[in-house]
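**Student:** Below is the file final_16.cif, with mmCIF, C-alpha atoms.
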data_upload
loop_
_atom_site.label_atom_id
_atom_site.label_comp_id
_atom_site.auth_asym_id
_atom_site.auth_seq_id
_atom_site.Cartn_x
_atom_site.Cartn_y
_atom_site.Cartn_z
CA MET A 1 -3.37 -64.74 156.52
CA ASP A 2 -2.70 -61.68 158.69
CA LEU A 3 -2.14 -59.61 155.58
CA PHE A 4 -5.39 -60.87 154.09
CA ILE A 5 -7.34 -59.95 157.23
CA SER A 6 -5.78 -56.46 157.37
CA ILE A 7 -6.68 -55.86 153.74
CA LEU A 8 -10.24 -57.13 154.22
CA SER A 9 -10.67 -54.95 157.29
CA GLY A 10 -9.25 -51.95 155.43
CA VAL A 11 -11.67 -52.51 152.55
CA CYS A 12 -14.63 -52.77 154.94
CA MET A 13 -13.69 -49.57 156.74
CA ALA A 14 -13.03 -47.68 153.52
CA LEU A 15 -16.42 -48.76 152.14
CA GLY A 16 -18.01 -47.75 155.43
CA GLY A 17 -16.33 -44.35 155.18
CA ILE A 18 -17.58 -43.83 151.63
CA LEU A 19 -21.09 -44.73 152.74
CA LEU A 20 -20.85 -42.31 155.68
CA ILE A 21 -19.94 -39.50 153.29
CA SER A 22 -22.74 -40.53 150.91
CA GLY A 23 -25.22 -40.44 153.78
CA ALA A 24 -24.04 -36.99 154.79
CA VAL A 25 -24.22 -35.69 151.21
CA GLY A 26 -27.70 -37.21 150.92
CA VAL A 27 -28.85 -35.40 154.05
CA LEU A 28 -27.73 -32.14 152.42
CA ARG A 29 -29.05 -32.85 148.92
CA PHE A 30 -32.43 -34.49 149.48
CA SER A 31 -35.39 -32.21 149.30
CA ASP A 32 -37.52 -32.58 152.39
CA PHE A 33 -37.27 -33.79 155.97
CA TYR A 34 -38.53 -37.34 155.34
CA ASN A 35 -36.23 -37.87 152.36
CA ARG A 36 -33.31 -36.71 154.46
CA LEU A 37 -34.15 -39.30 157.09
CA HIS A 38 -33.73 -41.99 154.41
CA ALA A 39 -30.25 -40.69 153.64
CA ALA A 40 -29.41 -40.72 157.34
CA GLY A 41 -30.51 -44.36 157.34
CA VAL A 42 -27.51 -45.23 155.15
CA THR A 43 -25.15 -43.96 157.85
CA ASP A 44 -27.10 -45.77 160.56
CA THR A 45 -27.15 -49.19 158.99
CA LEU A 46 -24.59 -50.34 156.44
CA ALA A 47 -21.93 -47.70 157.09
CA ALA A 48 -21.87 -48.31 160.84
CA SER A 49 -21.99 -52.09 160.36
CA LEU A 50 -19.11 -52.10 157.86
CA ILE A 51 -16.88 -49.96 160.07
CA LEU A 52 -17.64 -52.06 163.15
CA PHE A 53 -17.08 -55.26 161.14
CA GLY A 54 -13.72 -53.94 159.93
CA LEU A 55 -12.76 -53.22 163.53
CA MET A 56 -13.92 -56.69 164.62
CA LEU A 57 -11.51 -58.26 162.11
CA LEU A 58 -8.65 -56.32 163.69
CA SER A 59 -9.49 -57.05 167.32
CA GLU A 60 -6.98 -59.57 168.62
CA HIS A 61 -8.73 -59.86 171.97
CA SER A 62 -12.10 -61.62 172.35
CA GLY A 63 -13.24 -59.07 174.97
CA ILE A 64 -12.96 -56.29 172.40
CA LEU A 65 -14.73 -58.44 169.81
CA LEU A 66 -17.68 -59.00 172.18
CA LYS A 67 -17.89 -55.28 172.91
CA LEU A 68 -17.96 -54.45 169.21
CA ILE A 69 -20.72 -57.03 168.66
CA LEU A 70 -22.72 -55.45 171.50
CA ILE A 71 -22.25 -51.97 169.97
CA LEU A 72 -23.45 -53.27 166.59
CA LEU A 73 -26.51 -54.92 168.16
CA PHE A 74 -27.45 -51.77 170.07
CA VAL A 75 -26.97 -49.56 167.00
CA LEU A 76 -29.16 -51.86 164.89
CA LEU A 77 -31.87 -51.94 167.57
CA THR A 78 -31.92 -48.26 168.47
CA SER A 79 -31.33 -46.41 165.18
CA PRO A 80 -34.59 -47.53 163.46
CA THR A 81 -36.48 -46.69 166.64
CA ALA A 82 -34.89 -43.24 166.74
CA SER A 83 -35.70 -42.52 163.08
CA HIS A 84 -39.27 -43.69 163.65
CA ALA A 85 -39.54 -41.36 166.64
CA LEU A 86 -38.26 -38.45 164.52
CA ALA A 87 -40.64 -39.22 161.64
CA LYS A 88 -43.59 -39.63 163.97
CA ALA A 89 -42.81 -36.37 165.76
CA ALA A 90 -42.62 -34.53 162.42
CA TRP A 91 -45.88 -36.13 161.26
CA LYS A 92 -47.69 -35.25 164.50
CA ALA A 93 -46.43 -31.68 164.26
CA GLY A 94 -48.16 -31.49 160.87
CA LEU A 95 -45.20 -31.60 158.51
CA LYS A 96 -46.46 -33.02 155.22
CA PRO A 97 -43.98 -34.87 153.01
CA ASP A 98 -43.32 -33.58 149.53
CA THR A 99 -44.83 -36.40 147.46
CA SER A 100 -45.33 -34.73 144.09
CA ASN A 101 -43.44 -36.46 141.33
CA ASP A 102 -41.86 -33.59 139.47
CA LYS A 103 -40.93 -31.00 142.07
CA PRO A 104 -37.26 -30.11 141.94
CA GLY A 105 -35.18 -30.32 145.09
CA GLN A 106 -34.55 -27.18 147.10
CA MET B 1 -46.90 -73.67 185.10
CA ALA B 2 -46.90 -69.87 185.20
CA LYS B 3 -44.26 -70.03 187.90
CA GLN B 4 -42.07 -72.27 185.75
CA ILE B 5 -42.27 -69.88 182.81
CA PHE B 6 -41.48 -67.03 185.18
CA ALA B 7 -38.40 -68.86 186.49
CA ARG B 8 -37.18 -69.49 182.94
CA HIS B 9 -37.42 -65.80 182.10
CA THR B 10 -35.65 -64.82 185.31
CA VAL B 11 -32.78 -67.20 184.54
CA SER B 12 -32.57 -65.74 181.05
CA VAL B 13 -32.48 -62.15 182.37
CA ILE B 14 -29.69 -63.06 184.79
CA PHE B 15 -27.77 -64.89 182.06
CA THR B 16 -28.07 -61.98 179.60
CA LEU B 17 -26.97 -59.44 182.21
CA ALA B 18 -24.03 -61.64 183.24
CA VAL B 19 -22.88 -61.97 179.61
CA ILE B 20 -23.09 -58.19 179.12
CA TRP B 21 -21.15 -57.60 182.33
CA GLY B 22 -18.53 -60.18 181.38
CA ALA B 23 -18.12 -58.84 177.86
CA ASN B 24 -17.72 -55.28 179.02
CA SER B 25 -15.53 -55.90 182.03
CA TRP B 26 -13.34 -58.82 180.75
CA ASN B 27 -11.56 -58.74 184.05
CA TRP B 28 -11.73 -61.83 186.23
CA ASP B 29 -10.56 -60.45 189.59
CA PRO B 30 -12.57 -61.96 192.45
CA LEU B 31 -13.46 -58.43 193.58
CA LEU B 32 -14.79 -57.36 190.17
CA ILE B 33 -16.65 -60.66 189.73
CA ALA B 34 -18.29 -60.05 193.10
CA PHE B 35 -19.32 -56.56 191.97
CA GLY B 36 -20.69 -58.12 188.79
CA VAL B 37 -22.74 -60.69 190.67
CA LEU B 38 -24.13 -58.00 192.96
CA SER B 39 -25.03 -55.70 190.04
CA VAL B 40 -26.67 -58.49 188.07
CA LEU B 41 -28.76 -59.57 191.05
CA LEU B 42 -29.72 -55.96 191.84
CA VAL B 43 -30.82 -55.28 188.25
CA ALA B 44 -32.71 -58.58 188.07
CA TRP B 45 -34.50 -57.66 191.29
CA ILE B 46 -35.37 -54.18 189.96
CA CYS B 47 -36.70 -55.75 186.73
CA HIS B 48 -38.79 -58.10 188.84
CA ARG B 49 -40.17 -55.19 190.89
CA MET B 50 -40.97 -53.31 187.66
CA ASP B 51 -42.75 -56.44 186.41
CA VAL B 52 -40.94 -56.37 183.07
CA ILE B 53 -39.57 -59.93 183.16
CA ASP B 54 -41.81 -61.65 180.64
CA HIS B 55 -41.86 -63.08 177.13
CA GLU B 56 -41.55 -59.57 175.67
CA SER B 57 -38.33 -58.57 177.35
CA GLN B 58 -36.95 -62.11 176.85
CA PRO B 59 -38.25 -63.29 173.49
CA PHE B 60 -36.18 -66.45 173.47
CA HIS B 61 -38.84 -68.36 171.58
CA LEU B 62 -37.52 -66.39 168.59
CA THR B 63 -33.84 -67.17 169.16
CA LEU B 64 -33.60 -70.26 166.95
CA ARG B 65 -35.38 -68.70 164.00
CA LEU B 66 -33.60 -65.34 164.20
CA PRO B 67 -30.32 -66.15 162.36
CA ALA B 68 -32.08 -67.10 159.10
CA TYR B 69 -34.19 -63.94 159.29
CA TYR B 70 -31.14 -61.77 160.00
CA ALA B 71 -29.30 -63.26 157.02
CA TRP B 72 -32.22 -62.36 154.76
CA LEU B 73 -32.56 -58.90 156.33
CA ILE B 74 -28.86 -58.11 155.90
CA LYS B 75 -29.19 -58.85 152.18
CA GLN B 76 -32.16 -56.47 151.97
CA ILE B 77 -30.27 -53.78 153.92
CA VAL B 78 -27.30 -54.00 151.54
CA LEU B 79 -29.53 -53.83 148.43
CA SER B 80 -31.54 -50.86 149.66
CA ASN B 81 -28.41 -49.04 150.82
CA ILE B 82 -26.95 -49.32 147.32
CA ASP B 83 -30.19 -47.98 145.88
CA VAL B 84 -30.30 -44.96 148.22
CA VAL B 85 -26.60 -44.17 147.69
CA LYS B 86 -27.17 -44.19 143.92
CA ARG B 87 -29.97 -41.69 144.40
CA VAL B 88 -27.72 -39.49 146.56
CA TRP B 89 -25.08 -39.17 143.84
CA ARG B 90 -27.44 -38.89 140.87
CA SER B 91 -27.36 -35.45 139.33
CA ASP B 92 -31.06 -34.61 139.47
CA SER B 93 -32.24 -34.56 143.05
CA SER B 94 -35.97 -34.42 142.35
CA SER B 95 -38.14 -36.17 144.88
CA SER B 96 -40.45 -39.00 143.91
CA ALA B 97 -41.39 -39.84 147.48
CA VAL B 98 -44.55 -41.80 148.21
CA LEU B 99 -46.69 -42.09 151.30
CA ALA B 100 -48.78 -45.24 151.69
CA ARG B 101 -50.79 -47.12 154.28
CA LEU B 102 -49.91 -50.79 154.48
CA PRO B 103 -51.61 -53.57 156.45
CA VAL B 104 -49.81 -55.09 159.44
CA GLU B 105 -50.71 -58.74 159.81
CA GLN B 106 -48.55 -59.78 162.76
CA SER B 107 -50.58 -60.83 165.77
CA THR B 108 -48.14 -60.00 168.60
CA ASP B 109 -46.53 -56.74 169.69
CA VAL B 110 -43.07 -58.26 169.30
CA GLY B 111 -43.89 -59.28 165.72
CA ARG B 112 -45.19 -55.83 164.81
CA VAL B 113 -42.14 -54.16 166.31
CA ILE B 114 -39.78 -56.49 164.42
CA TYR B 115 -41.65 -55.77 161.18
CA ALA B 116 -41.61 -51.98 161.66
CA ASN B 117 -37.97 -52.02 162.76
CA SER B 118 -37.03 -54.05 159.69
CA VAL B 119 -38.84 -51.60 157.42
CA ASN B 120 -36.93 -48.76 159.08
CA LEU B 121 -33.60 -50.59 158.89
CA THR B 122 -33.80 -50.81 155.11
CA PRO B 123 -33.03 -47.26 153.93
CA GLY B 124 -35.61 -45.89 151.53
CA THR B 125 -38.58 -46.94 153.64
CA LEU B 126 -39.61 -45.36 156.92
CA VAL B 127 -42.54 -46.12 159.21
CA VAL B 128 -44.24 -42.86 160.17
CA GLU B 129 -47.14 -44.29 162.15
CA LEU B 130 -47.80 -47.77 163.48
CA SER B 131 -51.05 -49.14 164.85
CA ASN B 132 -52.26 -52.67 165.52
CA THR B 133 -53.62 -53.20 162.03
CA GLN B 134 -51.76 -50.86 159.70
CA MET B 135 -48.79 -48.61 159.28
CA LEU B 136 -48.05 -45.43 157.39
CA VAL B 137 -44.88 -45.82 155.34
CA HIS B 138 -42.89 -43.06 153.69
CA ALA B 139 -40.71 -44.30 150.83
CA LEU B 140 -38.25 -42.67 148.46
CA THR B 141 -39.76 -44.49 145.50
CA GLN B 142 -42.92 -46.27 144.45
CA GLU B 143 -40.86 -49.45 143.87
CA SER B 144 -40.06 -49.85 147.58
CA ILE B 145 -43.75 -49.55 148.42
CA THR B 146 -44.65 -52.12 145.76
CA GLU B 147 -42.03 -54.44 147.19
CA LEU B 148 -43.48 -54.08 150.69
CA GLN B 149 -46.99 -54.60 149.31
CA GLN B 150 -45.89 -57.89 147.80
CA GLY B 151 -45.37 -58.79 151.44
CA GLU B 152 -42.22 -60.92 151.48
CA MET B 153 -40.87 -59.14 154.57
CA SER B 154 -44.23 -59.30 156.33
CA ARG B 155 -44.49 -63.03 155.60
CA LYS B 156 -41.00 -63.69 156.94
CA VAL B 157 -41.74 -61.80 160.17
CA THR B 158 -45.00 -63.74 160.60
CA GLU B 159 -43.06 -66.99 160.16
CA LEU B 160 -40.53 -65.76 162.73
CA GLU B 161 -43.34 -65.04 165.17
CA GLY B 162 -44.40 -68.69 164.88
#
Please, can you express the file's structure as structure tokens?

**Tutor:**
Amino acid sequence: MDLFISILSGVCMALGGILLISGAVGVLRFSDFYNRLHAAGVTDTLAASLILFGLMLLSEHSGILLKLILILLFVLLTSPTASHALAKAAWKAGLKPDTSNDKPGQ
Amino acid sequence: MAKQIFARHTVSVIFTLAVIWGANSWNWDPLLIAFGVLSVLLVAWICHRMDVIDHESQPFHLTLRLPAYYAWLIKQIVLSNIDVVKRVWRSDSSSSAVLARLPVEQSTDVGRVIYANSVNLTPGTLVVELSNTQMLVHALTQESITELQQGEMSRKVTELEG
């Protein structure tokens, strides 16, 4: 049972790590500011959740488990708000998204 | 009646703060518990002075319906994450982004915030502007916009609002 939980937690954290890298690569590869925010969203949501979930499986102490749950809740509540604030600031500053269908990335 | 509702929200603020203190301290010394009680009461009093103890800061009318919504939302988050990650690793990085105005049908502020937050939580869609009746959404693809226009998420949030 212990072995099973360690493996499951390892898989979760590895997947989370892959998603973190994908998010970072996306931020570099996507063409304009708004597209890059979408890539950053991958890191904010599933990657962070998977890593925290993997850590929750390993926590042998319920105090640590509760703290990890609180961290997850706060991340899930604040990260969409932060990306909205960024997008809104860019929009108000007059940055227009690149919405043409066939423009190559820069 | 108003007083009763007020008391319920105060109890809920104190309970939430106590749980957060307990979870983060996890130390049951009498001294630390006393500090905890003092802090909780101080913060509850400050919240009361700031007049922020109401149904918005304590939306417990949503509590029972939230788990089902979260389960559905997690599925959506996983699906859209996979989609965005595929786009990240695809060899051509051309942009097919779309900007669209969508109606917002929720009647309360809490409902609108939950809807906009859910749209932001699913990668590939991002709320740029939000007003009482509509929102401006930036999406990586036309498909995500079409999916939002079909309104499943909006309907679920409206149900959650009750």

**Student:** Pull out every residue that the PyMOL selection byres ((chain B) within 10 of (chain A)) matches in the shown coordinates and put them as a ChimeraX atom specification.

**Tutor:** /B:19-20,22-27,74,77-78,80-82,84-89,92-99,113-114,116-130,136,138-141

**Student:** As an exercise, work out the distance from atom CA of B:Ile14 to atom CA of B:Asp54 in Å and give it to one decimal place.

**Tutor:**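 Straight-line distance from atom CA of B:Ile14 to atom CA of B:Asp54 works out to 12.9 Å.
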
**Student:** Write out as number ranges by chain the residues lying within 12 Å of A:Val11, counting only C-alpha atoms and excluding same-chain residues fewer than 2 positions away.

**Tutor:** A: 4-9, 13-18, 50-51, 53-55, 57

**Student:** Would you write out those residues with C-alpha atoms, as a short mmCIF file (atom, residue, chain, number, x, y, z; two decimals), keeping the file's coordinate frame?

**Tutor:**
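Dumped to out28.cif:
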data_model
loop_
_atom_site.label_atom_id
_atom_site.label_comp_id
_atom_site.auth_asym_id
_atom_site.auth_seq_id
_atom_site.Cartn_x
_atom_site.Cartn_y
_atom_site.Cartn_z
CA PHE A 4 -5.39 -60.87 154.09
CA ILE A 5 -7.34 -59.95 157.23
CA SER A 6 -5.78 -56.46 157.37
CA ILE A 7 -6.68 -55.86 153.74
CA LEU A 8 -10.24 -57.13 154.22
CA SER A 9 -10.67 -54.95 157.29
CA MET A 13 -13.69 -49.57 156.74
CA ALA A 14 -13.03 -47.68 153.52
CA LEU A 15 -16.42 -48.76 152.14
CA GLY A 16 -18.01 -47.75 155.43
CA GLY A 17 -16.33 -44.35 155.18
CA ILE A 18 -17.58 -43.83 151.63
CA LEU A 50 -19.11 -52.10 157.86
CA ILE A 51 -16.88 -49.96 160.07
CA PHE A 53 -17.08 -55.26 161.14
CA GLY A 54 -13.72 -53.94 159.93
CA LEU A 55 -12.76 -53.22 163.53
CA LEU A 57 -11.51 -58.26 162.11
#

**Student:** Please, what distance in Å, to one decimal, runs between atom CA of A:Phe33 and atom CA of A:Ala93?

**Tutor:**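 Rounded to one decimal, the two atoms are 12.5 Å apart.
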
**Student:** Interatomic distance between atom CA of B:Ser12 and atom CA of B:Ala44?

**Tutor:**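 The value is 10.0 Å.
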
**Student:** Return as a list in words the set of residues that the PyMOL selection byres ((chain B and resi 63-67) around 12) yields on the displayed structure.

**Tutor:**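 For this structure, the PyMOL selection byres ((chain B and resi 63-67) around 12) captures Gln58, Pro59, Phe60, His61, Leu62, Ala68, Tyr69, Tyr70, Ala71, Trp72, Leu73, Ile74, Ile114, Lys156, Val157, Thr158, Glu159, Leu160, Glu161 and Gly162 of chain B.
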
**Student:** Can you list, as an NGL selection string, every protein, DNA or RNA residue that comes within 12 Å of B:Val37 when you count all atoms listed in the file, leaving out same-chain residues fewer than 4 positions away?

**Tutor:** :B and (14-15 or 17-22 or 28 or 30-33 or 41-44)

**Student:** N, CA and C atoms are needed for stretch 22-56 of chain A; please write them out as a PDB file, keeping the file's coordinate frame.

**Tutor:**
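Result went into part38.pdb, see below:
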ATOM      1  N   SER A  22     -21.542 -40.540 151.758  1.00  0.00           N
ATOM      2  CA  SER A  22     -22.740 -40.530 150.910  1.00  0.00           C
ATOM      3  C   SER A  22     -23.973 -40.172 151.730  1.00  0.00           C
ATOM      4  N   GLY A  23     -24.069 -40.752 152.925  1.00  0.00           N
ATOM      5  CA  GLY A  23     -25.220 -40.440 153.780  1.00  0.00           C
ATOM      6  C   GLY A  23     -25.258 -38.961 154.099  1.00  0.00           C
ATOM      7  N   ALA A  24     -24.090 -38.406 154.439  1.00  0.00           N
ATOM      8  CA  ALA A  24     -24.040 -36.990 154.790  1.00  0.00           C
ATOM      9  C   ALA A  24     -24.415 -36.118 153.598  1.00  0.00           C
ATOM     10  N   VAL A  25     -23.885 -36.462 152.407  1.00  0.00           N
ATOM     11  CA  VAL A  25     -24.220 -35.690 151.210  1.00  0.00           C
ATOM     12  C   VAL A  25     -25.720 -35.798 150.929  1.00  0.00           C
ATOM     13  N   GLY A  26     -26.266 -37.020 151.130  1.00  0.00           N
ATOM     14  CA  GLY A  26     -27.700 -37.210 150.920  1.00  0.00           C
ATOM     15  C   GLY A  26     -28.530 -36.342 151.837  1.00  0.00           C
ATOM     16  N   VAL A  27     -28.106 -36.238 153.101  1.00  0.00           N
ATOM     17  CA  VAL A  27     -28.850 -35.400 154.050  1.00  0.00           C
ATOM     18  C   VAL A  27     -28.884 -33.957 153.542  1.00  0.00           C
ATOM     19  N   LEU A  28     -27.762 -33.517 152.929  1.00  0.00           N
ATOM     20  CA  LEU A  28     -27.730 -32.140 152.420  1.00  0.00           C
ATOM     21  C   LEU A  28     -28.521 -31.989 151.126  1.00  0.00           C
ATOM     22  N   ARG A  29     -28.483 -33.013 150.255  1.00  0.00           N
ATOM     23  CA  ARG A  29     -29.050 -32.850 148.920  1.00  0.00           C
ATOM     24  C   ARG A  29     -30.537 -33.145 148.843  1.00  0.00           C
ATOM     25  N   PHE A  30     -31.022 -34.105 149.623  1.00  0.00           N
ATOM     26  CA  PHE A  30     -32.430 -34.490 149.480  1.00  0.00           C
ATOM     27  C   PHE A  30     -33.347 -33.346 149.840  1.00  0.00           C
ATOM     28  N   SER A  31     -34.591 -33.418 149.269  1.00  0.00           N
ATOM     29  CA  SER A  31     -35.390 -32.210 149.300  1.00  0.00           C
ATOM     30  C   SER A  31     -36.129 -31.948 150.607  1.00  0.00           C
ATOM     31  N   ASP A  32     -36.796 -32.938 151.169  1.00  0.00           N
ATOM     32  CA  ASP A  32     -37.520 -32.580 152.390  1.00  0.00           C
ATOM     33  C   ASP A  32     -37.094 -33.439 153.570  1.00  0.00           C
ATOM     34  N   PHE A  33     -37.684 -33.160 154.716  1.00  0.00           N
ATOM     35  CA  PHE A  33     -37.270 -33.790 155.970  1.00  0.00           C
ATOM     36  C   PHE A  33     -37.297 -35.318 155.886  1.00  0.00           C
ATOM     37  N   TYR A  34     -38.391 -35.878 155.350  1.00  0.00           N
ATOM     38  CA  TYR A  34     -38.530 -37.340 155.340  1.00  0.00           C
ATOM     39  C   TYR A  34     -37.483 -37.978 154.415  1.00  0.00           C
ATOM     40  N   ASN A  35     -37.246 -37.338 153.258  1.00  0.00           N
ATOM     41  CA  ASN A  35     -36.230 -37.870 152.360  1.00  0.00           C
ATOM     42  C   ASN A  35     -34.850 -37.855 153.017  1.00  0.00           C
ATOM     43  N   ARG A  36     -34.605 -36.808 153.784  1.00  0.00           N
ATOM     44  CA  ARG A  36     -33.310 -36.710 154.460  1.00  0.00           C
ATOM     45  C   ARG A  36     -33.138 -37.810 155.491  1.00  0.00           C
ATOM     46  N   LEU A  37     -34.248 -38.198 156.128  1.00  0.00           N
ATOM     47  CA  LEU A  37     -34.150 -39.300 157.090  1.00  0.00           C
ATOM     48  C   LEU A  37     -33.706 -40.589 156.394  1.00  0.00           C
ATOM     49  N   HIS A  38     -34.160 -40.799 155.142  1.00  0.00           N
ATOM     50  CA  HIS A  38     -33.730 -41.990 154.410  1.00  0.00           C
ATOM     51  C   HIS A  38     -32.225 -41.975 154.196  1.00  0.00           C
ATOM     52  N   ALA A  39     -31.694 -40.800 153.851  1.00  0.00           N
ATOM     53  CA  ALA A  39     -30.250 -40.690 153.640  1.00  0.00           C
ATOM     54  C   ALA A  39     -29.512 -40.963 154.948  1.00  0.00           C
ATOM     55  N   ALA A  40     -30.050 -40.461 156.049  1.00  0.00           N
ATOM     56  CA  ALA A  40     -29.410 -40.720 157.340  1.00  0.00           C
ATOM     57  C   ALA A  40     -29.426 -42.206 157.659  1.00  0.00           C
ATOM     58  N   GLY A  41     -30.439 -42.912 157.119  1.00  0.00           N
ATOM     59  CA  GLY A  41     -30.510 -44.360 157.340  1.00  0.00           C
ATOM     60  C   GLY A  41     -29.299 -45.094 156.783  1.00  0.00           C
ATOM     61  N   VAL A  42     -28.710 -44.585 155.714  1.00  0.00           N
ATOM     62  CA  VAL A  42     -27.510 -45.230 155.150  1.00  0.00           C
ATOM     63  C   VAL A  42     -26.383 -45.208 156.178  1.00  0.00           C
ATOM     64  N   THR A  43     -26.201 -44.063 156.828  1.00  0.00           N
ATOM     65  CA  THR A  43     -25.150 -43.960 157.850  1.00  0.00           C
ATOM     66  C   THR A  43     -25.451 -44.884 159.023  1.00  0.00           C
ATOM     67  N   ASP A  44     -26.735 -44.973 159.392  1.00  0.00           N
ATOM     68  CA  ASP A  44     -27.100 -45.770 160.560  1.00  0.00           C
ATOM     69  C   ASP A  44     -26.867 -47.252 160.358  1.00  0.00           C
ATOM     70  N   THR A  45     -27.122 -47.737 159.146  1.00  0.00           N
ATOM     71  CA  THR A  45     -27.150 -49.190 158.990  1.00  0.00           C
ATOM     72  C   THR A  45     -25.852 -49.735 158.389  1.00  0.00           C
ATOM     73  N   LEU A  46     -25.709 -49.646 157.080  1.00  0.00           N
ATOM     74  CA  LEU A  46     -24.590 -50.340 156.440  1.00  0.00           C
ATOM     75  C   LEU A  46     -23.256 -49.693 156.774  1.00  0.00           C
ATOM     76  N   ALA A  47     -23.206 -48.357 156.818  1.00  0.00           N
ATOM     77  CA  ALA A  47     -21.930 -47.700 157.090  1.00  0.00           C
ATOM     78  C   ALA A  47     -21.416 -48.075 158.474  1.00  0.00           C
ATOM     79  N   ALA A  48     -22.288 -47.969 159.476  1.00  0.00           N
ATOM     80  CA  ALA A  48     -21.870 -48.310 160.840  1.00  0.00           C
ATOM     81  C   ALA A  48     -21.494 -49.779 160.932  1.00  0.00           C
ATOM     82  N   SER A  49     -22.291 -50.651 160.285  1.00  0.00           N
ATOM     83  CA  SER A  49     -21.990 -52.090 160.360  1.00  0.00           C
ATOM     84  C   SER A  49     -20.652 -52.406 159.722  1.00  0.00           C
ATOM     85  N   LEU A  50     -20.367 -51.794 158.554  1.00  0.00           N
ATOM     86  CA  LEU A  50     -19.110 -52.100 157.860  1.00  0.00           C
ATOM     87  C   LEU A  50     -17.912 -51.654 158.691  1.00  0.00           C
ATOM     88  N   ILE A  51     -18.004 -50.451 159.281  1.00  0.00           N
ATOM     89  CA  ILE A  51     -16.880 -49.960 160.070  1.00  0.00           C
ATOM     90  C   ILE A  51     -16.672 -50.844 161.303  1.00  0.00           C
ATOM     91  N   LEU A  52     -17.785 -51.205 161.964  1.00  0.00           N
ATOM     92  CA  LEU A  52     -17.640 -52.060 163.150  1.00  0.00           C
ATOM     93  C   LEU A  52     -17.109 -53.441 162.751  1.00  0.00           C
ATOM     94  N   PHE A  53     -17.564 -53.957 161.587  1.00  0.00           N
ATOM     95  CA  PHE A  53     -17.080 -55.260 161.140  1.00  0.00           C
ATOM     96  C   PHE A  53     -15.576 -55.207 160.841  1.00  0.00           C
ATOM     97  N   GLY A  54     -15.152 -54.107 160.202  1.00  0.00           N
ATOM     98  CA  GLY A  54     -13.720 -53.940 159.930  1.00  0.00           C
ATOM     99  C   GLY A  54     -12.916 -53.912 161.216  1.00  0.00           C
ATOM    100  N   LEU A  55     -13.457 -53.264 162.249  1.00  0.00           N
ATOM    101  CA  LEU A  55     -12.760 -53.220 163.530  1.00  0.00           C
ATOM    102  C   LEU A  55     -12.747 -54.592 164.196  1.00  0.00           C
ATOM    103  N   MET A  56     -13.862 -55.345 164.027  1.00  0.00           N
ATOM    104  CA  MET A  56     -13.920 -56.690 164.620  1.00  0.00           C
ATOM    105  C   MET A  56     -12.811 -57.565 164.054  1.00  0.00           C
TER     106      MET A  56
END
